[in-house]
file final.txt (compact mmCIF, C-alpha atoms)
# COMPACT_ATOMS: atom_id res chain seq x y z
CA MET A 143 -9.09 -31.62 -13.39
CA HIS A 144 -6.21 -30.71 -11.11
CA LEU A 145 -6.40 -27.38 -9.28
CA SER A 146 -3.39 -25.62 -7.78
CA GLN A 147 -3.00 -26.30 -4.06
CA ARG A 148 -0.81 -23.22 -3.89
CA MET A 149 -3.69 -21.04 -5.06
CA ALA A 150 -6.06 -22.79 -2.67
CA ARG A 151 -3.97 -21.34 0.16
CA VAL A 152 -4.46 -17.77 -1.13
CA GLN A 153 -7.29 -15.84 0.50
CA GLN A 154 -10.13 -14.61 -1.69
CA PRO A 155 -9.69 -10.90 -2.55
CA ILE A 156 -11.95 -9.05 -0.12
CA ILE A 157 -12.51 -5.96 -2.29
CA PRO A 158 -14.62 -7.81 -4.92
CA VAL A 159 -16.67 -9.48 -2.15
CA ILE A 160 -17.50 -6.14 -0.58
CA GLY A 161 -18.08 -4.72 -4.07
CA ASP A 162 -20.72 -7.38 -4.78
CA TRP A 163 -22.59 -6.44 -1.59
CA ILE A 164 -22.39 -2.76 -2.45
CA ARG A 165 -23.87 -3.37 -5.90
CA ALA A 166 -26.68 -5.36 -4.32
CA ASN A 167 -27.47 -2.42 -2.02
CA PRO A 168 -27.73 0.75 -4.13
CA ASP A 169 -26.85 4.10 -2.52
CA THR A 170 -24.28 2.48 -0.22
CA ILE A 171 -21.43 4.86 0.60
CA SER A 172 -18.16 2.98 0.33
CA LEU A 173 -15.41 3.56 2.88
CA GLY A 174 -13.83 0.39 1.56
CA GLN A 175 -11.28 0.47 -1.23
CA GLY A 176 -8.07 2.41 -0.62
CA ILE A 177 -8.20 4.93 -3.43
CA VAL A 178 -8.31 8.72 -3.66
CA HIS A 179 -11.28 10.72 -4.90
CA TYR A 180 -9.38 13.08 -7.20
CA SER A 181 -8.12 12.80 -10.76
CA PRO A 182 -4.57 13.08 -12.16
CA PRO A 183 -3.03 16.55 -12.58
CA PRO A 184 -3.82 18.45 -15.79
CA SER A 185 -0.11 18.42 -16.62
CA ILE A 186 -0.43 14.86 -17.91
CA SER A 187 -2.24 16.11 -21.03
CA GLY A 188 0.98 17.60 -22.40
CA THR A 189 3.04 14.46 -21.95
CA ILE A 190 0.25 12.26 -23.33
CA ALA A 191 0.29 14.46 -26.45
CA ARG A 192 3.95 13.54 -26.84
CA PHE A 193 2.93 9.89 -26.81
CA TRP A 194 0.74 10.40 -29.89
CA ASP A 195 3.52 12.31 -31.61
CA ASP A 196 6.04 9.48 -31.13
CA PRO A 197 5.60 6.71 -33.74
CA SER A 198 7.72 4.31 -31.69
CA ALA A 199 5.44 4.68 -28.65
CA HIS A 200 3.08 2.01 -29.98
CA GLN A 201 5.80 -0.63 -29.97
CA TYR A 202 7.10 -2.63 -27.02
CA GLY A 203 9.11 -0.38 -24.75
CA PRO A 204 12.12 -1.17 -22.56
CA VAL A 205 11.35 -3.77 -19.89
CA GLU A 206 12.62 -1.46 -17.16
CA GLY A 207 10.64 1.56 -18.34
CA LEU A 208 11.10 4.58 -20.58
CA ASP A 209 14.34 6.49 -20.01
CA PRO A 210 12.73 9.96 -19.58
CA LEU A 211 10.45 8.61 -16.85
CA ARG A 212 13.27 6.76 -15.11
CA ASP A 213 15.37 9.93 -15.21
CA ALA A 214 12.51 11.90 -13.63
CA ILE A 215 12.11 9.21 -10.96
CA ALA A 216 15.84 9.38 -10.21
CA GLU A 217 15.61 13.15 -9.71
CA LYS A 218 12.60 12.72 -7.44
CA LEU A 219 14.32 10.06 -5.32
CA GLU A 220 17.44 12.14 -4.82
CA ALA A 221 15.54 15.35 -4.02
CA GLU A 222 12.67 14.02 -1.92
CA ASN A 223 13.83 10.69 -0.49
CA ARG A 224 17.49 11.67 -0.07
CA MET A 225 18.46 8.47 -1.81
CA SER A 226 21.84 7.96 -3.41
CA LEU A 227 21.33 5.95 -6.59
CA GLY A 228 24.87 4.58 -6.84
CA HIS A 229 24.72 0.77 -7.22
CA ARG A 230 20.91 0.86 -7.47
CA ALA A 231 18.59 0.32 -10.43
CA ILE A 232 15.12 1.74 -11.18
CA ALA A 233 12.38 -0.31 -12.84
CA VAL A 234 8.96 1.06 -13.79
CA THR A 235 6.22 -1.43 -12.90
CA ALA A 236 2.51 -1.77 -13.59
CA GLY A 237 1.72 -0.55 -10.08
CA SER A 238 3.58 -1.37 -6.87
CA ASN A 239 1.56 -4.58 -6.35
CA MET A 240 3.16 -5.99 -9.47
CA GLY A 241 6.50 -4.64 -8.32
CA PHE A 242 6.12 -6.53 -5.04
CA LEU A 243 5.25 -9.83 -6.71
CA ASN A 244 8.05 -9.44 -9.25
CA MET A 245 10.55 -8.81 -6.47
CA LEU A 246 9.41 -11.93 -4.61
CA LEU A 247 10.01 -14.01 -7.73
CA ALA A 248 13.44 -12.40 -8.10
CA ILE A 249 14.67 -13.08 -4.54
CA THR A 250 12.95 -16.30 -3.39
CA ASP A 251 12.64 -20.00 -4.04
CA PRO A 252 9.57 -22.11 -3.13
CA GLY A 253 9.29 -22.56 0.63
CA ASP A 254 11.25 -19.43 1.52
CA GLU A 255 9.85 -17.12 4.19
CA ILE A 256 8.90 -13.45 4.08
CA ILE A 257 8.25 -11.61 7.35
CA LEU A 258 5.19 -9.34 7.47
CA PRO A 259 4.35 -7.09 10.43
CA LYS A 260 0.69 -7.64 11.33
CA PRO A 261 -1.85 -6.32 10.43
CA PHE A 262 -0.53 -6.66 6.90
CA TYR A 263 -1.58 -5.37 3.48
CA PHE A 264 -3.59 -8.35 2.23
CA ASN A 265 -2.33 -8.25 -1.38
CA GLN A 266 1.22 -8.69 -0.11
CA GLU A 267 0.30 -11.74 1.95
CA MET A 268 -1.51 -13.11 -1.10
CA ALA A 269 1.52 -12.45 -3.32
CA ILE A 270 3.81 -14.35 -0.94
CA ARG A 271 1.56 -17.42 -1.16
CA ILE A 272 1.23 -17.08 -4.95
CA ALA A 273 5.04 -17.13 -5.13
CA ASP A 274 4.87 -20.44 -3.18
CA CYS A 275 6.56 -18.85 -0.19
CA VAL A 276 5.53 -18.70 3.48
CA PRO A 277 4.28 -15.50 5.10
CA VAL A 278 5.57 -15.21 8.68
CA THR A 279 3.42 -12.66 10.47
CA VAL A 280 4.74 -10.73 13.47
CA PRO A 281 2.34 -8.57 15.53
CA THR A 282 3.01 -4.87 15.91
CA ASP A 283 2.63 -3.35 19.38
CA VAL A 284 -0.60 -1.92 20.84
CA ASN A 285 0.05 1.37 19.04
CA GLY A 286 0.66 -0.30 15.68
CA ALA A 287 4.42 0.34 15.86
CA LEU A 288 7.08 -2.14 14.77
CA ASP A 289 8.33 -4.64 17.35
CA VAL A 290 11.92 -4.96 16.16
CA GLU A 291 12.83 -7.56 18.78
CA ALA A 292 9.94 -9.79 17.70
CA LEU A 293 10.95 -9.34 14.06
CA SER A 294 14.48 -10.40 14.94
CA HIS A 295 13.27 -13.55 16.70
CA SER A 296 11.21 -14.49 13.62
CA ILE A 297 14.20 -14.71 11.28
CA SER A 298 15.12 -18.25 10.20
CA THR A 299 17.47 -19.80 7.68
CA ARG A 300 14.63 -19.60 5.11
CA THR A 301 13.91 -15.90 5.66
CA ARG A 302 14.55 -13.78 2.57
CA ALA A 303 13.04 -10.41 3.51
CA ILE A 304 11.24 -8.27 6.06
CA VAL A 305 8.50 -6.04 4.64
CA THR A 306 7.57 -2.63 6.04
CA VAL A 307 4.74 -0.43 4.78
CA SER A 308 5.01 3.16 6.02
CA PRO A 309 2.73 5.07 6.17
CA ASN A 310 0.92 1.83 6.80
CA ASN A 311 -1.93 0.15 5.02
CA PRO A 312 -4.23 -0.77 6.79
CA THR A 313 -3.47 1.12 10.01
CA GLY A 314 -2.23 4.50 8.82
CA VAL A 315 0.62 4.31 11.36
CA VAL A 316 3.85 6.05 10.31
CA TYR A 317 6.83 4.00 11.43
CA SER A 318 9.52 6.01 13.16
CA GLU A 319 12.89 6.65 11.55
CA ARG A 320 14.48 4.91 14.51
CA SER A 321 12.51 1.68 14.03
CA LEU A 322 13.01 1.66 10.24
CA ARG A 323 16.74 2.12 10.73
CA ALA A 324 16.70 -0.77 13.21
CA VAL A 325 14.87 -3.06 10.76
CA ASN A 326 17.23 -2.09 7.96
CA ALA A 327 20.26 -2.85 10.15
CA LEU A 328 18.68 -6.15 11.17
CA CYS A 329 18.25 -7.12 7.52
CA LYS A 330 21.82 -6.18 6.68
CA ALA A 331 23.21 -8.18 9.61
CA ASN A 332 21.22 -11.26 8.59
CA GLU A 333 21.92 -10.86 4.84
CA ILE A 334 18.24 -10.58 3.93
CA TYR A 335 16.33 -7.86 2.09
CA HIS A 336 14.37 -4.99 3.56
CA ILE A 337 11.35 -4.39 1.29
CA SER A 338 10.08 -0.88 2.00
CA ASP A 339 6.63 -0.05 0.58
CA GLU A 340 6.24 3.74 0.48
CA ALA A 341 3.06 4.17 -1.58
CA TYR A 342 1.56 6.63 0.96
CA GLU A 343 4.66 8.78 1.45
CA TYR A 344 2.80 12.09 0.92
CA PHE A 345 -0.19 11.33 3.17
CA LEU A 346 0.92 12.67 6.55
CA TYR A 347 -0.84 14.56 9.36
CA ASP A 348 -0.04 16.34 12.60
CA GLY A 349 3.42 17.29 11.37
CA ASP A 350 4.68 13.71 11.02
CA LYS A 351 7.53 13.00 8.58
CA HIS A 352 8.20 10.21 6.12
CA PHE A 353 11.52 8.34 6.17
CA SER A 354 12.92 6.21 3.36
CA PRO A 355 15.18 3.38 4.58
CA ALA A 356 17.12 3.48 1.30
CA SER A 357 18.49 6.86 2.37
CA ILE A 358 20.57 5.06 5.02
CA GLU A 359 24.26 4.96 4.18
CA GLY A 360 25.29 1.43 3.20
CA SER A 361 21.73 0.27 2.50
CA GLU A 362 22.07 -0.08 -1.26
CA GLY A 363 22.90 -3.81 -1.25
CA HIS A 364 19.88 -5.07 0.70
CA THR A 365 17.09 -2.48 0.42
CA ILE A 366 14.20 -2.71 -2.06
CA SER A 367 11.95 0.37 -2.22
CA LEU A 368 8.50 0.31 -3.83
CA TYR A 369 6.51 3.37 -4.88
CA SER A 370 3.21 4.05 -6.60
CA LEU A 371 1.53 6.94 -8.40
CA SER A 372 -1.93 5.49 -7.67
CA LYS A 373 -2.54 7.47 -4.49
CA ALA A 374 -0.74 10.81 -4.68
CA TYR A 375 -1.59 11.48 -8.33
CA GLY A 376 -5.00 9.79 -8.67
CA PHE A 377 -3.44 7.18 -10.96
CA ALA A 378 -5.13 3.99 -9.73
CA SER A 379 -6.36 2.78 -13.14
CA TRP A 380 -3.20 3.89 -14.97
CA ARG A 381 -1.18 1.19 -13.14
CA ILE A 382 2.18 2.85 -12.70
CA GLY A 383 4.64 2.27 -9.91
CA TYR A 384 8.38 1.81 -9.64
CA ALA A 385 10.94 -0.23 -7.77
CA VAL A 386 14.38 0.89 -6.62
CA ILE A 387 16.56 -2.18 -6.17
CA PRO A 388 20.15 -3.35 -5.67
CA GLU A 389 21.96 -3.52 -9.01
CA GLU A 390 22.55 -7.25 -8.74
CA LEU A 391 18.78 -7.90 -8.78
CA PHE A 392 18.22 -6.02 -12.02
CA GLY A 393 18.81 -9.01 -14.30
CA SER A 394 16.41 -11.23 -12.35
CA LEU A 395 13.75 -8.53 -12.24
CA ARG A 396 13.99 -8.02 -16.01
CA LYS A 397 13.43 -11.75 -16.56
CA VAL A 398 10.27 -11.70 -14.45
CA GLN A 399 8.91 -8.47 -15.87
CA ASP A 400 9.63 -9.40 -19.49
CA THR A 401 7.71 -12.63 -18.96
CA ASN A 402 4.56 -11.39 -17.27
CA VAL A 403 4.03 -7.89 -18.69
CA ILE A 404 6.99 -7.01 -20.98
CA CYS A 405 6.71 -3.37 -19.94
CA ALA A 406 4.33 -1.04 -18.14
CA THR A 407 1.81 0.51 -20.54
CA ALA A 408 3.57 3.21 -22.55
CA ILE A 409 0.79 5.80 -22.52
CA SER A 410 0.63 5.47 -18.72
CA GLN A 411 4.37 6.07 -18.53
CA TYR A 412 4.01 9.25 -20.57
CA ALA A 413 1.20 10.34 -18.23
CA ALA A 414 3.37 9.51 -15.21
CA LEU A 415 6.06 11.82 -16.51
CA GLY A 416 3.51 14.66 -16.49
CA ALA A 417 2.44 13.77 -12.96
CA LEU A 418 6.01 13.89 -11.67
CA GLU A 419 6.41 17.28 -13.33
CA ALA A 420 3.47 18.49 -11.21
CA GLY A 421 5.19 17.12 -8.11
CA PRO A 422 3.88 16.48 -4.59
CA ALA A 423 2.46 20.00 -4.38
CA TYR A 424 -0.40 18.70 -6.53
CA CYS A 425 -1.78 16.44 -3.79
CA GLU A 426 -1.17 18.79 -0.83
CA PRO A 427 -4.60 20.50 -0.91
CA PHE A 428 -6.30 17.11 -1.13
CA VAL A 429 -4.31 15.84 1.86
CA ALA A 430 -5.34 18.96 3.78
CA GLU A 431 -8.96 18.16 2.92
CA MET A 432 -8.48 14.59 4.15
CA ALA A 433 -6.97 15.92 7.38
CA ASN A 434 -10.23 17.72 8.09
CA VAL A 435 -12.27 14.55 7.46
CA ARG A 436 -9.84 12.56 9.61
CA GLN A 437 -10.30 14.93 12.54
CA GLN A 438 -14.09 14.82 12.29
CA GLY A 439 -13.91 11.03 12.14
CA LEU A 440 -11.78 10.81 15.28
CA GLU A 441 -14.23 13.05 17.13
CA ALA A 442 -17.15 10.92 15.92
CA PHE A 443 -15.53 7.69 17.16
CA ASP A 444 -15.08 9.34 20.56
CA THR A 445 -18.86 9.54 20.90
CA LEU A 446 -18.99 5.74 21.04
CA ASN A 447 -16.85 5.81 24.19
CA ASN A 448 -15.10 2.48 24.79
CA ARG A 449 -17.24 0.38 22.44
CA VAL A 450 -14.70 0.88 19.65
CA ARG A 451 -10.94 1.39 19.67
CA PRO A 452 -9.62 3.32 16.67
CA LEU A 453 -5.85 3.04 16.32
CA LEU A 454 -4.33 6.50 16.47
CA SER A 455 -2.30 7.17 13.34
CA THR A 456 -0.77 10.02 11.41
CA GLY A 457 -0.57 8.72 7.85
CA ALA A 458 -2.37 7.28 4.81
CA PHE A 459 -6.17 7.79 4.85
CA TYR A 460 -7.49 4.96 6.98
CA PHE A 461 -9.21 4.35 10.29
CA PHE A 462 -8.33 0.92 11.69
CA VAL A 463 -10.84 0.13 14.40
CA GLU A 464 -11.25 -2.70 16.91
CA ILE A 465 -14.64 -3.63 18.40
CA PRO A 466 -13.59 -5.78 21.35
CA ASP A 467 -17.05 -6.74 22.64
CA TYR A 468 -18.85 -7.43 19.36
CA SER A 469 -20.25 -10.95 19.50
CA GLY A 470 -20.14 -11.74 15.77
CA ASP A 471 -17.38 -11.91 13.19
CA ASP A 472 -16.16 -8.92 11.22
CA LEU A 473 -17.43 -10.18 7.85
CA THR A 474 -20.95 -10.35 9.30
CA LEU A 475 -20.50 -6.87 10.72
CA ALA A 476 -19.40 -5.54 7.33
CA ARG A 477 -22.43 -7.05 5.64
CA GLN A 478 -24.81 -5.65 8.26
CA LEU A 479 -23.33 -2.18 7.88
CA ILE A 480 -23.95 -2.33 4.13
CA GLU A 481 -27.43 -3.85 4.22
CA LYS A 482 -28.85 -1.97 7.21
CA PHE A 483 -26.95 1.31 7.25
CA GLY A 484 -25.71 1.83 3.70
CA VAL A 485 -21.99 2.10 4.45
CA ALA A 486 -19.15 -0.25 3.48
CA VAL A 487 -15.87 -1.01 5.29
CA ILE A 488 -13.25 -3.77 4.97
CA PRO A 489 -13.13 -6.48 7.69
CA SER A 490 -9.90 -6.43 9.69
CA SER A 491 -9.49 -10.21 9.35
CA ALA A 492 -8.52 -9.63 5.69
CA PHE A 493 -5.40 -7.93 7.07
CA GLY A 494 -4.58 -10.80 9.44
CA ALA A 495 -5.99 -9.03 12.49
CA GLY A 496 -8.39 -11.69 13.74
CA GLU A 497 -7.96 -11.32 17.51
CA HIS A 498 -10.92 -8.92 17.77
CA CYS A 499 -13.70 -7.94 15.41
CA GLY A 500 -12.82 -4.78 13.54
CA PHE A 501 -12.53 -3.01 10.21
CA ARG A 502 -10.60 -0.59 8.04
CA ALA A 503 -12.44 2.49 6.78
CA SER A 504 -10.97 4.64 4.00
CA TYR A 505 -11.72 8.35 4.02
CA GLY A 506 -9.62 9.08 0.92
CA ALA A 507 -12.01 7.72 -1.68
CA LEU A 508 -14.74 10.35 -1.21
CA LYS A 509 -15.05 14.10 -1.32
CA THR A 510 -15.55 15.76 2.05
CA ASP A 511 -19.36 15.85 2.14
CA SER A 512 -19.75 12.22 1.07
CA ALA A 513 -16.96 11.02 3.39
CA ILE A 514 -18.55 12.74 6.37
CA GLU A 515 -21.99 11.33 5.51
CA GLY A 516 -20.41 7.88 5.25
CA LEU A 517 -18.79 8.31 8.65
CA GLU A 518 -22.13 9.42 10.11
CA ARG A 519 -23.75 6.26 8.78
CA LEU A 520 -20.88 4.20 10.17
CA ILE A 521 -21.17 5.73 13.64
CA SER A 522 -24.94 5.25 13.60
CA GLY A 523 -24.53 1.60 12.61
CA LEU A 524 -21.86 0.92 15.21
CA SER A 525 -23.93 2.58 17.94
CA GLN A 526 -26.75 0.15 17.23
CA LEU A 527 -24.78 -3.00 16.42
CA THR A 528 -22.30 -2.81 19.30
call {"tool": "encode", "arguments": {"input": "final.txt", "output": "structure tokens"}}
result
Amino acid sequence: MHLSQRMARVQQPIIPVIGDWIRANPDTISLGQGIVHYSPPPSISGTIARFWDDPSAHQYGPVEGLDPLRDAIAEKLEAENRMSLGHRAIAVTAGSNMGFLNMLLAITDPGDEIILPKPFYFNQEMAIRIADCVPVTVPTDVNGALDVEALSHSISTRTRAIVTVSPNNPTGVVYSERSLRAVNALCKANEIYHISDEAYEYFLYDGDKHFSPASIEGSEGHTISLYSLSKAYGFASWRIGYAVIPEELFGSLRKVQDTNVICATAISQYAALGALEAGPAYCEPFVAEMANVRQQGLEAFDTLNNRVRPLLSTGAFYFFVEIPDYSGDDLTLARQLIEKFGVAVIPSSAFGAGEHCGFRASYGALKTDSAIEGLERLISGLSQLT
């Protein structure tokens, strides 16, 4: 039977692979998947109660999302992201991953190119290939910052968008306002879209600030902004995100979304309304807790001297680490860390960073004591394996 050659070009999802190894090695501490360790705010119970009281809630909802939730999102965007919503549309999606894939289908044709700064978020590279498009990867600089000149040189007649993820997954680097403005201007000048993934907007350290490119005057015609409740509000399994898009894309997005999901799950949308009522103050104490773990992790990596090179970053909840002199590949290293030292990380090659062996470690998925124990196991393993 015929198998899709398009799908054959899509990398295997690394999270299930690592998950299989973890299950085969009980008591492994996972610093792998990029999730948070806390639950949604208690305020969602009130809005979920409204779901049960609404007889229409069990029917198909609007493709673009429930009006009360979209209104709350609009208020959030104006207040927090300084975004003018004139000539923009909001669509609630089943997570920002789905939002990204839906947007690709809305703006591309087979063979079109999407530019990804490298290292990239692997699900986005996979989505580009699933959409039968071509990912064009452009390295960031030695500090993980955007190389705007290199991005400019990578634009071709088939380019449809440049993607930025800030704070970044997998590196945790927060792109500067200056560089994001430069990318946005570059996209406008070349009549392509700037897709700005801002899922980690609240996870910031050392006084760094988040900047939303859609707040730039004149950006409404070419800027696509993607957000998620999965991280800040502990909503990973609820699958709720939202896209803020140019008005002229709304019809195309509705076609895609109506076909593959109809609408985001209604009960999750009611819960999301309660989460937005709690606001970003809900996650602030958890981010402060992560900041403490982050600092202890940086100090622990220092004990390995020059055998590892963690990328200094001020956002998200990741360590992205190079091991320049390790003789094996990073998948082998990840397996050894699980089987011999009881700690799991994600190989950096999954993010397109294959020049040196390395990994991404998430310190957001565990409470402080478990995260620190996991980091201790990681440091012990690296000290012996490198």
call {"tool": "residues_around", "arguments": {"input": "final.txt", "residues": "A:Pro388", "least_positions_apart": "3", "cutoff": "8 Å", "atoms": "all atoms listed in the file", "output": "PyMOL selection string"}}
result
chain A and resi 229-231+362-366+391-392
call {"tool": "closest_residue", "arguments": {"input": "final.txt", "among": "A:Ala214, A:Leu415, A:Ala433, A:Leu247", "to": "A:Val398", "atoms": "only C-alpha atoms"}}
result
A:Leu247
call {"tool": "closest_atom_pairs", "arguments": {"input": "final.txt", "of": "stretch 403-502 of chain A", "to": "stretch 290-314 of chain A", "cutoff": "10 Å", "atoms": "all atoms listed in the file", "output": "tab-separated table"}}
result
residue	atom	partner	partner_atom	distance
A:Pro452	CA	A:Thr313	CA	9.3
A:Leu453	CA	A:Thr313	CA	7.0
A:Leu454	CA	A:Gly314	CA	8.2
A:Ser455	CA	A:Gly314	CA	5.3
A:Thr456	CA	A:Gly314	CA	6.3
A:Gly457	CA	A:Gly314	CA	4.6
A:Ala458	CA	A:Gly314	CA	4.9
A:Phe459	CA	A:Gly314	CA	6.5
A:Tyr460	CA	A:Gly314	CA	5.6
A:Phe461	CA	A:Thr313	CA	6.6
A:Phe462	CA	A:Thr313	CA	5.1
A:Val463	CA	A:Thr313	CA	8.6
A:Ile488	CA	A:Pro312	CA	9.7
A:Ser490	CA	A:Pro312	CA	8.5
A:Ala492	CA	A:Pro312	CA	9.9
A:Phe493	CA	A:Pro312	CA	7.3
A:Phe501	CA	A:Pro312	CA	9.3
A:Arg502	CA	A:Pro312	CA	6.5
call {"tool": "write_last_selection", "arguments": {"input": "final.txt", "atoms": "C-alpha atoms", "output": "compact mmCIF listing (two decimals), in the coordinates of the input"}}
result
# COMPACT_ATOMS: atom_id res chain seq x y z
CA PRO A 452 -9.62 3.32 16.67
CA LEU A 453 -5.85 3.04 16.32
CA LEU A 454 -4.33 6.50 16.47
CA SER A 455 -2.30 7.17 13.34
CA THR A 456 -0.77 10.02 11.41
CA GLY A 457 -0.57 8.72 7.85
CA ALA A 458 -2.37 7.28 4.81
CA PHE A 459 -6.17 7.79 4.85
CA TYR A 460 -7.49 4.96 6.98
CA PHE A 461 -9.21 4.35 10.29
CA PHE A 462 -8.33 0.92 11.69
CA VAL A 463 -10.84 0.13 14.40
CA ILE A 488 -13.25 -3.77 4.97
CA SER A 490 -9.90 -6.43 9.69
CA ALA A 492 -8.52 -9.63 5.69
CA PHE A 493 -5.40 -7.93 7.07
CA PHE A 501 -12.53 -3.01 10.21
CA ARG A 502 -10.60 -0.59 8.04
call {"tool": "closest_residue", "arguments": {"input": "final.txt", "among": "A:Ala476, A:Ala442, A:Val386, A:Val280", "to": "A:Ser226", "atoms": "all atoms listed in the file"}}
result
A:Val386
call {"tool": "closest_atom_pairs", "arguments": {"input": "final.txt", "of": "stretch 169-270 of chain A", "to": "stretch 367-371 of chain A", "cutoff": "7 Å", "atoms": "all atoms listed in the file", "output": "JSON lines"}}
result
{"residue": "A:Gly237", "atom": "CA", "partner": "A:Ser370", "partner_atom": "CA", "distance": 6.0}
{"residue": "A:Ser238", "atom": "CA", "partner": "A:Ser370", "partner_atom": "CA", "distance": 5.4}
{"residue": "A:Gly241", "atom": "CA", "partner": "A:Leu368", "partner_atom": "CA", "distance": 7.0}
call {"tool": "write_last_selection", "arguments": {"input": "final.txt", "atoms": "C-alpha atoms", "output": "mmCIF file, keeping the file's coordinate frame"}}
result
data_model
loop_
_atom_site.group_PDB
_atom_site.id
_atom_site.type_symbol
_atom_site.label_atom_id
_atom_site.label_comp_id
_atom_site.auth_asym_id
_atom_site.auth_seq_id
_atom_site.Cartn_x
_atom_site.Cartn_y
_atom_site.Cartn_z
ATOM 1 C CA GLY A 237 1.720 -0.550 -10.080
ATOM 2 C CA SER A 238 3.580 -1.370 -6.870
ATOM 3 C CA GLY A 241 6.500 -4.640 -8.320
#
call {"tool": "atom_distance", "arguments": {"input": "final.txt", "atom1": "atom CA of A:Gly228", "atom2": "atom CA of A:Ile256"}}
result
26.4 Å
call {"tool": "closest_residue", "arguments": {"input": "final.txt", "among": "A:Leu527, A:Ala414, A:Val485, A:Leu517", "to": "A:Thr170", "atoms": "all atoms listed in the file"}}
result
A:Val485
